[in-house]
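Coordinates as given in start09.tsv (TSV, C-alpha atoms):
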chain	number	residue	atom	x	y	z
A	11	MET	CA	0.00	0.00	0.00
A	12	ASN	CA	1.02	3.66	-0.19
A	13	ILE	CA	2.57	5.42	2.81
A	14	VAL	CA	0.43	6.11	5.86
A	15	CYS	CA	1.18	9.73	6.76
A	16	VAL	CA	0.57	10.63	10.42
A	17	THR	CA	0.45	14.38	11.01
A	18	GLY	CA	1.04	15.58	14.58
A	19	LEU	CA	3.60	13.61	16.60
A	20	GLY	CA	2.33	14.31	20.09
A	21	ARG	CA	1.12	11.89	22.73
A	22	VAL	CA	-1.34	10.25	20.35
A	23	GLY	CA	0.14	10.74	16.90
A	24	LEU	CA	3.63	9.51	17.72
A	25	PRO	CA	2.57	6.21	19.37
A	26	THR	CA	0.15	5.64	16.46
A	27	ALA	CA	2.84	6.26	13.83
A	28	LEU	CA	5.40	4.11	15.64
A	29	THR	CA	2.93	1.28	16.17
A	30	LEU	CA	1.92	1.23	12.51
A	31	ALA	CA	5.56	1.22	11.39
A	32	SER	CA	6.45	-1.53	13.85
A	33	ARG	CA	3.75	-3.68	12.21
A	34	GLY	CA	5.41	-3.38	8.83
A	35	LEU	CA	3.38	-0.58	7.26
A	36	PRO	CA	5.24	2.20	5.39
A	37	VAL	CA	4.83	5.29	7.58
A	38	ALA	CA	5.79	8.96	7.44
A	39	GLY	CA	5.58	10.81	10.75
A	40	VAL	CA	5.04	14.54	10.30
A	41	ASP	CA	5.27	17.42	12.75
A	42	SER	CA	5.66	21.12	12.07
A	43	ASN	CA	8.07	21.46	15.01
A	44	PRO	CA	11.60	20.85	13.66
A	45	SER	CA	13.04	20.08	17.11
A	46	ILE	CA	10.60	17.16	17.51
A	47	ILE	CA	11.63	15.77	14.12
A	48	GLU	CA	15.34	16.19	14.89
A	49	THR	CA	14.96	14.41	18.23
A	50	LEU	CA	13.11	11.48	16.65
A	51	GLN	CA	15.61	11.24	13.79
A	52	LYS	CA	18.30	10.82	16.45
A	53	GLY	CA	16.39	7.85	17.85
A	54	LYS	CA	15.15	9.58	20.99
A	55	VAL	CA	11.57	9.84	22.24
A	56	THR	CA	10.06	13.24	22.95
A	57	PHE	CA	8.04	12.35	26.06
A	58	GLU	CA	7.90	9.67	28.72
A	59	GLU	CA	5.59	6.72	28.13
A	60	LYS	CA	6.12	3.09	29.09
A	61	GLY	CA	7.47	1.08	26.16
A	62	MET	CA	8.09	4.04	23.86
A	63	ASP	CA	11.86	3.61	23.59
A	64	ALA	CA	11.56	0.03	22.36
A	65	LEU	CA	8.69	0.94	20.05
A	66	LEU	CA	10.72	3.76	18.47
A	67	GLU	CA	13.57	1.33	17.81
A	68	ALA	CA	11.15	-1.13	16.18
A	69	ALA	CA	9.62	1.63	14.05
A	70	ILE	CA	13.04	2.80	12.86
A	71	ARG	CA	13.87	-0.78	11.90
A	72	GLY	CA	10.54	-0.80	10.03
A	73	GLY	CA	11.67	2.19	7.97
A	74	ILE	CA	9.61	5.03	9.46
A	75	GLU	CA	10.43	8.46	8.07
A	76	PHE	CA	10.22	11.65	10.15
A	77	ARG	CA	9.62	14.93	8.34
A	78	VAL	CA	8.16	18.44	8.74
A	79	LYS	CA	6.00	18.37	5.58
A	80	PRO	CA	3.24	15.87	4.67
A	81	ALA	CA	4.16	13.00	2.39
A	82	VAL	CA	2.65	12.55	-1.06
A	83	THR	CA	0.21	9.71	-0.50
A	84	ASP	CA	-3.50	8.90	-0.26
A	85	PHE	CA	-3.90	7.91	3.39
A	86	TYR	CA	-3.49	10.47	6.18
A	87	ILE	CA	-4.07	10.42	9.92
A	88	VAL	CA	-4.34	13.80	11.67
A	89	ALA	CA	-3.60	13.90	15.41
A	90	VAL	CA	-2.98	17.56	16.24
A	91	PRO	CA	-4.18	19.57	19.27
A	92	THR	CA	-7.73	20.93	19.43
A	93	PRO	CA	-7.91	23.59	22.17
A	94	TYR	CA	-10.95	25.73	22.83
A	95	ASP	CA	-11.48	29.47	22.70
A	96	LYS	CA	-11.72	30.54	26.35
A	97	LYS	CA	-14.09	33.39	25.51
A	98	THR	CA	-16.60	31.65	23.27
A	99	LYS	CA	-15.96	28.10	24.64
A	100	LYS	CA	-16.03	26.87	21.02
A	101	ILE	CA	-13.37	24.66	19.47
A	102	ASP	CA	-10.28	26.34	18.08
A	103	PRO	CA	-9.88	24.34	14.85
A	104	SER	CA	-6.77	26.15	13.64
A	105	HIS	CA	-4.38	23.22	14.13
A	106	VAL	CA	-6.66	20.76	12.34
A	107	VAL	CA	-7.38	23.25	9.56
A	108	GLY	CA	-3.66	23.94	9.11
A	109	ALA	CA	-2.83	20.23	9.00
A	110	VAL	CA	-5.54	19.46	6.43
A	111	ARG	CA	-4.55	22.45	4.28
A	112	GLY	CA	-1.00	21.10	4.15
A	113	ILE	CA	-2.25	17.66	3.19
A	114	LEU	CA	-4.50	18.95	0.40
A	115	ARG	CA	-1.53	20.71	-1.23
A	116	VAL	CA	0.38	17.46	-1.81
A	117	CYS	CA	-2.02	14.51	-1.61
A	118	LEU	CA	-2.73	12.02	-4.36
A	119	PRO	CA	-6.23	12.03	-5.90
A	120	ASN	CA	-9.16	10.86	-3.74
A	121	PRO	CA	-7.23	10.64	-0.44
A	122	ILE	CA	-8.56	9.31	2.85
A	123	ILE	CA	-8.03	11.85	5.65
A	124	VAL	CA	-8.71	10.41	9.09
A	125	ILE	CA	-9.11	12.94	11.90
A	126	GLU	CA	-8.05	11.43	15.24
A	127	SER	CA	-8.04	14.79	17.03
A	128	THR	CA	-11.06	15.24	19.29
A	129	VAL	CA	-13.38	17.74	17.65
A	130	SER	CA	-16.81	19.22	18.28
A	131	PRO	CA	-19.74	17.64	16.42
A	132	GLY	CA	-19.93	19.08	12.91
A	133	THR	CA	-16.28	20.15	12.67
A	134	THR	CA	-15.62	18.04	9.58
A	135	ASP	CA	-18.64	19.49	7.75
A	136	LYS	CA	-18.08	23.07	8.88
A	137	TYR	CA	-14.31	23.47	8.57
A	138	LEU	CA	-12.73	20.61	6.61
A	139	ARG	CA	-14.98	19.77	3.67
A	140	PRO	CA	-14.91	23.42	2.48
A	141	LEU	CA	-11.10	23.25	2.43
A	142	ALA	CA	-11.17	20.26	0.09
A	143	ALA	CA	-13.74	21.92	-2.14
A	144	GLU	CA	-11.64	25.07	-2.28
A	145	ALA	CA	-8.55	23.04	-3.19
A	146	GLY	CA	-10.45	21.05	-5.83
A	147	VAL	CA	-9.66	17.76	-4.09
A	148	THR	CA	-12.17	14.93	-3.75
A	149	ALA	CA	-11.17	13.92	-0.22
A	150	ARG	CA	-12.74	11.13	1.80
A	151	PHE	CA	-12.87	12.43	5.35
A	152	ALA	CA	-13.33	10.23	8.40
A	153	HIS	CA	-13.19	10.51	12.16
A	154	ALA	CA	-11.52	7.85	14.30
A	155	PRO	CA	-11.07	9.54	17.68
A	156	GLU	CA	-8.25	8.47	19.95
A	157	ARG	CA	-9.35	6.85	23.22
A	158	VAL	CA	-6.09	6.31	25.10
A	159	LEU	CA	-4.96	7.22	28.59
A	160	PRO	CA	-1.51	8.75	29.19
A	161	GLY	CA	0.53	6.30	31.20
A	162	GLY	CA	-1.01	3.35	29.36
A	163	ILE	CA	-1.13	4.59	25.77
A	164	LEU	CA	0.57	1.64	24.05
A	165	TYR	CA	-1.53	-0.92	25.93
A	166	GLU	CA	-4.76	0.91	25.14
A	167	LEU	CA	-3.88	1.53	21.49
A	168	GLU	CA	-3.94	-2.22	20.98
A	169	ARG	CA	-6.86	-3.15	23.22
A	170	ASN	CA	-9.40	-0.33	23.32
A	171	ALA	CA	-12.46	-0.35	21.08
A	172	ARG	CA	-12.31	2.05	18.13
A	173	ILE	CA	-14.94	4.20	16.47
A	174	ILE	CA	-14.66	4.87	12.74
A	175	GLY	CA	-16.98	7.52	11.35
A	176	ALA	CA	-17.05	7.72	7.56
A	177	ASP	CA	-19.37	8.69	4.73
A	178	ASP	CA	-19.55	5.20	3.27
A	179	ARG	CA	-18.87	1.60	4.19
A	180	GLU	CA	-16.04	1.14	1.70
A	181	THR	CA	-14.02	4.01	3.18
A	182	ALA	CA	-14.69	2.79	6.73
A	183	GLU	CA	-13.50	-0.71	5.84
A	184	GLN	CA	-10.30	0.63	4.27
A	185	ILE	CA	-9.59	2.55	7.46
A	186	ARG	CA	-10.40	-0.45	9.61
A	187	SER	CA	-7.91	-2.57	7.66
A	188	VAL	CA	-5.13	-0.09	8.56
A	189	TYR	CA	-6.03	0.13	12.25
A	190	ALA	CA	-6.57	-3.64	12.45
A	191	SER	CA	-2.84	-4.05	11.84
A	192	PHE	CA	-2.41	-3.31	15.56
A	193	CYS	CA	-5.83	-2.86	17.21
A	194	ARG	CA	-7.47	-5.93	18.74
A	195	GLY	CA	-10.43	-4.01	20.17
A	196	MET	CA	-13.94	-3.96	18.74
A	197	PHE	CA	-14.57	-1.63	15.80
A	198	THR	CA	-17.78	0.39	15.52
A	199	LEU	CA	-18.50	1.85	12.09
A	200	THR	CA	-20.80	4.86	11.98
A	201	ASP	CA	-21.19	8.28	10.39
A	202	ILE	CA	-18.75	11.12	11.02
A	203	ARG	CA	-20.96	13.37	13.13
A	204	THR	CA	-21.93	10.49	15.44
A	205	ALA	CA	-18.26	9.59	15.90
A	206	GLU	CA	-17.42	13.22	16.69
A	207	MET	CA	-20.18	13.41	19.29
A	208	ALA	CA	-19.47	10.00	20.85
A	209	LYS	CA	-15.92	10.97	21.81
A	210	ILE	CA	-17.08	14.25	23.34
A	211	VAL	CA	-19.77	12.41	25.30
A	212	GLU	CA	-17.22	9.97	26.76
A	213	ASN	CA	-15.07	12.74	28.20
A	214	THR	CA	-18.04	14.85	29.28
A	215	PHE	CA	-19.48	11.93	31.25
A	216	ARG	CA	-16.26	11.62	33.24
A	217	ASP	CA	-16.11	15.37	33.80
A	218	ILE	CA	-19.63	15.36	35.25
A	219	ASN	CA	-18.82	12.37	37.46
A	220	ILE	CA	-15.73	14.12	38.82
A	221	ALA	CA	-17.71	17.31	39.38
A	222	PHE	CA	-20.23	15.33	41.43
A	223	ALA	CA	-17.39	13.95	43.57
A	224	ASN	CA	-15.89	17.43	43.97
A	225	GLU	CA	-19.22	18.91	45.01
A	226	LEU	CA	-19.66	16.05	47.50
A	227	ALA	CA	-16.22	16.91	48.92
A	228	LYS	CA	-17.34	20.50	49.52
A	229	ILE	CA	-20.63	19.38	51.11
A	230	CYS	CA	-18.91	16.82	53.34
A	231	ARG	CA	-16.26	19.34	54.43
A	232	SER	CA	-19.02	21.76	55.39
A	233	GLY	CA	-20.95	19.02	57.22
A	234	GLY	CA	-17.98	17.42	58.98
A	235	MET	CA	-18.19	14.13	57.05
A	236	ASP	CA	-15.55	11.93	55.38
A	237	VAL	CA	-16.23	12.14	51.66
A	238	TYR	CA	-13.89	9.25	50.85
A	239	GLU	CA	-15.65	6.88	53.22
A	240	ILE	CA	-19.05	7.97	51.91
A	241	ILE	CA	-18.00	7.38	48.30
A	242	ARG	CA	-16.50	4.00	49.24
A	243	ILE	CA	-19.75	2.88	50.81
A	244	ALA	CA	-21.93	4.27	48.02
A	245	ASN	CA	-19.81	2.48	45.41
A	246	LEU	CA	-20.64	-0.86	47.03
A	247	HIS	CA	-24.00	-0.52	45.31
A	248	PRO	CA	-23.81	-2.48	42.03
A	249	ARG	CA	-25.05	0.46	39.93
A	250	VAL	CA	-23.02	3.26	41.52
A	251	ASN	CA	-19.50	4.24	40.48
A	252	ILE	CA	-18.54	7.66	41.84
A	253	LEU	CA	-15.04	8.84	41.00
A	254	HIS	CA	-12.81	10.54	43.58
A	255	PRO	CA	-12.59	14.26	44.26
A	256	GLY	CA	-9.36	16.09	43.56
A	257	PRO	CA	-7.66	19.48	43.21
A	258	GLY	CA	-8.98	20.05	39.70
A	259	VAL	CA	-9.23	18.44	36.29
A	260	GLY	CA	-6.36	18.71	33.84
A	261	GLY	CA	-5.12	17.09	30.66
A	262	HIS	CA	-6.02	17.59	27.02
A	263	CYS	CA	-9.39	15.80	27.10
A	264	ILE	CA	-11.67	16.02	30.13
A	265	SER	CA	-10.83	19.62	30.96
A	266	VAL	CA	-11.28	20.78	27.35
A	267	ASP	CA	-13.77	18.70	25.36
A	268	PRO	CA	-16.96	19.46	27.37
A	269	TRP	CA	-16.46	23.15	26.58
A	270	PHE	CA	-17.09	22.35	22.90
A	271	LEU	CA	-20.69	21.44	23.77
A	272	VAL	CA	-21.07	24.49	26.01
A	273	GLY	CA	-19.84	26.72	23.20
A	274	ASP	CA	-21.99	25.17	20.49
A	275	TYR	CA	-25.12	24.44	22.56
A	276	PRO	CA	-25.17	27.06	25.35
A	277	MET	CA	-28.91	26.80	26.00
A	278	GLN	CA	-28.95	22.99	26.23
A	279	SER	CA	-25.71	22.28	28.13
A	280	ASN	CA	-26.63	23.50	31.64
A	281	LEU	CA	-25.45	20.43	33.56
A	282	ILE	CA	-22.26	20.21	31.50
A	283	HIS	CA	-21.52	23.90	32.09
A	284	GLU	CA	-22.07	23.60	35.85
A	285	ALA	CA	-19.78	20.56	36.00
A	286	ARG	CA	-17.05	22.50	34.21
A	287	LYS	CA	-17.42	25.41	36.64
A	288	ILE	CA	-17.25	23.09	39.66
A	289	ASN	CA	-14.10	21.36	38.42
A	290	ASP	CA	-12.47	24.64	37.45
A	291	SER	CA	-13.19	25.95	40.95
A	292	MET	CA	-11.16	23.27	42.69
A	293	PRO	CA	-7.72	24.95	42.56
A	294	MET	CA	-9.23	27.95	44.40
A	295	TYR	CA	-10.91	25.57	46.85
A	296	VAL	CA	-7.52	23.97	47.56
A	297	LEU	CA	-5.99	27.42	48.07
A	298	GLU	CA	-8.72	28.20	50.61
A	299	ARG	CA	-7.92	24.93	52.41
A	300	VAL	CA	-4.23	25.88	52.42
A	301	ARG	CA	-5.06	29.22	54.04
A	302	GLU	CA	-7.28	27.54	56.65
A	303	ILE	CA	-4.56	25.04	57.56
A	304	MET	CA	-1.90	27.74	57.71
A	305	ALA	CA	-4.09	29.77	60.08
A	306	GLU	CA	-4.85	26.71	62.23
A	307	ASN	CA	-1.14	25.97	62.58
A	308	ASN	CA	0.01	29.59	62.97
A	309	ILE	CA	2.00	29.48	59.73
A	310	SER	CA	2.69	32.90	58.26
A	311	ASP	CA	5.79	32.18	56.17
A	312	THR	CA	4.47	31.16	52.75
A	313	SER	CA	8.02	30.44	51.58
A	314	ARG	CA	7.91	27.26	53.71
A	315	VAL	CA	4.91	25.90	51.76
A	316	GLY	CA	5.49	23.42	48.92
A	317	PHE	CA	3.42	21.54	46.34
A	318	TYR	CA	4.24	17.94	45.44
A	319	GLY	CA	3.29	17.08	41.86
A	320	VAL	CA	2.95	19.30	38.80
A	321	SER	CA	1.63	16.96	36.07
A	322	TYR	CA	-2.12	16.72	35.60
A	323	LYS	CA	-2.32	13.06	36.70
A	324	GLU	CA	-0.25	10.41	38.39
A	325	ASP	CA	2.78	8.77	36.78
A	326	VAL	CA	2.92	10.91	33.62
A	327	ASP	CA	5.02	13.97	32.77
A	328	ASP	CA	2.15	15.72	30.98
A	329	VAL	CA	1.40	19.18	32.45
A	330	ARG	CA	-1.34	20.30	30.04
A	331	GLU	CA	-4.09	22.13	31.97
A	332	SER	CA	-2.36	21.08	35.21
A	333	PRO	CA	-4.34	21.95	38.37
A	334	THR	CA	-1.01	22.60	40.12
A	335	LEU	CA	-0.02	25.23	37.57
A	336	GLN	CA	-3.48	26.80	37.88
A	337	LEU	CA	-3.04	26.87	41.65
A	338	LEU	CA	0.43	28.40	41.41
A	339	ASP	CA	-1.03	31.27	39.39
A	340	LEU	CA	-3.67	31.79	42.07
A	341	VAL	CA	-1.08	31.76	44.86
A	342	LYS	CA	1.04	34.35	43.05
A	343	THR	CA	-2.03	36.52	42.57
A	344	CYS	CA	-3.45	36.13	46.08
A	345	MET	CA	-0.31	35.76	48.19
A	346	GLY	CA	2.23	37.61	46.12
A	347	ASN	CA	4.84	34.87	45.83
A	348	GLU	CA	5.52	31.72	43.84
A	349	PRO	CA	5.47	28.64	46.10
A	350	LYS	CA	7.96	25.82	45.90
A	351	VAL	CA	7.04	22.83	43.73
A	352	PHE	CA	8.52	19.42	42.97
A	353	ASP	CA	7.59	16.66	40.55
A	354	PRO	CA	9.67	13.47	40.30
A	355	LEU	CA	8.77	12.95	36.62
A	356	LEU	CA	9.69	16.35	35.20
A	357	ARG	CA	13.18	16.49	33.73
A	358	GLU	CA	13.17	20.21	33.01
A	359	LYS	CA	12.09	23.24	34.99
A	360	ILE	CA	8.82	24.78	33.84
A	361	THR	CA	8.45	27.27	36.66
A	362	ALA	CA	11.03	29.36	38.51
A	363	SER	CA	10.28	27.92	41.95
A	364	GLN	CA	10.50	24.30	40.83
A	365	TYR	CA	12.98	22.04	42.62
A	366	MET	CA	14.75	19.27	40.73
A	367	ASP	CA	16.04	17.57	43.91
A	368	PHE	CA	13.48	16.08	46.31
A	369	ASP	CA	15.72	16.17	49.39
A	370	ARG	CA	16.32	19.90	48.98
A	371	PHE	CA	12.62	20.49	48.36
A	372	ILE	CA	11.47	18.69	51.49
A	373	ARG	CA	14.21	20.30	53.59
A	374	ASP	CA	13.04	23.78	52.61
A	375	ILE	CA	9.36	23.37	53.53
A	376	ASN	CA	7.23	22.76	56.61
A	377	PHE	CA	3.86	22.35	54.90
A	378	VAL	CA	3.45	20.10	51.84
A	379	ILE	CA	0.37	19.86	49.63
A	380	ILE	CA	0.14	16.59	47.69
A	381	MET	CA	-1.35	17.51	44.32
A	382	VAL	CA	-0.53	14.35	42.34
A	383	GLY	CA	-0.46	10.75	43.57
A	384	HIS	CA	2.65	9.60	41.74
A	385	SER	CA	3.71	6.05	42.65
A	386	ARG	CA	7.10	7.55	43.58
A	387	LEU	CA	5.26	8.99	46.58
A	388	THR	CA	5.75	5.61	48.27
A	389	GLU	CA	9.51	6.28	48.35
A	390	HIS	CA	9.10	9.89	49.43
A	391	GLN	CA	6.37	9.76	52.05
A	392	LYS	CA	8.66	8.90	54.99
A	393	SER	CA	10.30	12.26	54.38
A	394	PHE	CA	6.93	13.90	55.12
A	395	ASN	CA	7.13	12.83	58.77
A	396	GLY	CA	7.12	15.92	60.91
A	397	LYS	CA	5.61	18.01	58.12
A	398	ILE	CA	2.08	19.35	57.91
A	399	VAL	CA	0.43	17.58	54.97
A	400	LEU	CA	-2.65	18.40	52.90
A	401	ASP	CA	-3.41	15.39	50.71
A	402	THR	CA	-5.73	16.35	47.83
A	403	ARG	CA	-5.60	12.86	46.30
A	404	ASN	CA	-6.25	10.60	49.31
A	405	VAL	CA	-3.02	8.67	48.72
A	406	TYR	CA	-1.04	9.44	51.91
A	407	HIS	CA	-2.45	7.71	54.95
A	408	ARG	CA	-1.11	8.96	58.26
A	409	GLU	CA	-2.83	10.25	61.36
A	410	GLY	CA	-3.26	14.00	61.30
A	411	VAL	CA	-3.13	14.41	57.53
A	412	TYR	CA	-5.48	17.06	56.18
A	413	ARG	CA	-7.74	16.28	53.20
A	414	ILE	CA	-9.86	18.36	50.88

Any chance you could put this one into structure tokens?
Amino acid sequence: MNIVCVTGLGRVGLPTALTLASRGLPVAGVDSNPSIIETLQKGKVTFEEKGMDALLEAAIRGGIEFRVKPAVTDFYIVAVPTPYDKKTKKIDPSHVVGAVRGILRVCLPNPIIVIESTVSPGTTDKYLRPLAAEAGVTARFAHAPERVLPGGILYELERNARIIGADDRETAEQIRSVYASFCRGMFTLTDIRTAEMAKIVENTFRDINIAFANELAKICRSGGMDVYEIIRIANLHPRVNILHPGPGVGGHCISVDPWFLVGDYPMQSNLIHEARKINDSMPMYVLERVREIMAENNISDTSRVGFYGVSYKEDVDDVRESPTLQLLDLVKTCMGNEPKVFDPLLREKITASQYMDFDRFIRDINFVIIMVGHSRLTEHQKSFNGKIVLDTRNVYHREGVYRI
């Protein structure tokens, strides 16, 4: 077959390209960032993910090509970011539009263009089909949204069910044959708009569930109850599955995708909008808890306060929409200084007050706020003895620990 060209070599596009190449398919991996391409050409991965080093080696042996411009072919996969406009709450399609424009300039006749990026329902019809018409290209668009979890991407690429939305059965089957080279999960073939909506619904459901847990945490704090014990007991019911509260919702999916529905359907998305507001309020709620605990313990020196964990979830180095970073901005605004932070998975400093050495970090603070439940916490928690601890993730179990 012709080359499979994967555009966007981030946390979804790169594993997809490498996996396809490792299965013997001819693959071109494309990213507009030259430093990413240079790093990959040197045989080095660009982010931490279990199994990625070995997979990159296998893909290189399979002949994968890394480049900054799309290849001339007839099968494309687009996996670029899809942020939202924070004023209108609508999708910002500029990355997808730019990627498709580049493809249409060089593609062979009648190409298949698979959008893996999460998009709002109707994005293909509204933004992408007009591009093809303008370019005079008869393109077969499809939507096959990614459904993987950072920290387990390679496992889930192979095992998770896949949705393929296409205009006709023949196109959908051609796409399935490519993905079936590595995916053992069930395939659901549907139309494009349904596929676009289904992915948004998946992430919105989780956002609402988390918002419910976060609102319960606030109610239980006000009423003097243990929210974790209440959720544990409630979840013993066979039809109840409440997620845990936390300091906020981050990442590129759950904290972003529900806004697409709020932006496009403002009159119909009341519950979704409230859930987003609740989850976005959690960093400020944590800051209020920090102030309460400082007052209770007669702590006035904010320079002795530190935050453990910067990534948006445990055991990944991904800081997109990180609740910790949101909280640091609030602290700087409300308290006038930038508190100390440490994350065992970050190799480079992303904020001025970030420590790269845990021993120095813990030595310089008296009050630690656990923001992320990294598994490395098991090694570090003995060092918290004698410190005041606010655990926002319910992962550190010691008498006297504060919780949200």

Produce a table with one row for each residue of segment 206-236 of chain A that has an atom at most 9 Å from any atom of segment 124-142 of chain A, each row naming the nearest atom pair and its distance in Å at one decimal; use only C-alpha atoms; arrange rows by chain and rising residue number; format as CSV.
residue,atom,partner,partner_atom,distance
A:Glu206,CA,A:Pro131,CA,5.0
A:Met207,CA,A:Pro131,CA,5.1
A:Ala208,CA,A:Pro131,CA,8.8
A:Lys209,CA,A:Thr128,CA,6.9
A:Ile210,CA,A:Ser130,CA,7.1

### Query
Can you tell me how far atom CA of Phe270 of chain A sits from atom CA of Lys100 of chain A, in Å to one decimal?
5.0 Å

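Counting only C-alpha atoms, the residue from A:Val106, A:Leu271, A:Ala69, A:Val14 that sits nearest to Pro121 of chain A is A:Val14.
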
Would you give me, as a Markdown table, each residue of segment 298-407 of chain A having an atom within 10 Å of an atom of segment 260-265 of chain A, along with its shortest atom pair and that distance in Å to one decimal, using all atoms listed in the file and sorting by chain and residue number?
| residue | atom | partner | partner_atom | distance |
| --- | --- | --- | --- | --- |
| A:Ser321 | CA | A:Gly260 | CA | 8.5 |
| A:Tyr322 | CA | A:Gly260 | CA | 5.0 |
| A:Lys323 | CA | A:Gly260 | CA | 7.5 |
| A:Asp328 | CA | A:Gly261 | CA | 7.4 |
| A:Val329 | CA | A:Gly261 | CA | 7.1 |
| A:Arg330 | CA | A:Gly261 | CA | 5.0 |
| A:Glu331 | CA | A:Gly260 | CA | 4.5 |
| A:Ser332 | CA | A:Gly260 | CA | 4.8 |
| A:Pro333 | CA | A:Gly260 | CA | 5.9 |
| A:Thr334 | CA | A:Gly260 | CA | 9.1 |
| A:Leu335 | CA | A:Gly260 | CA | 9.8 |
| A:Gln336 | CA | A:Gly260 | CA | 9.5 |

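Counting all atoms listed in the file, the residue from A:Ala152, A:Ala171, A:Val341, A:Val405 that sits nearest to Val300 of chain A is A:Val341.
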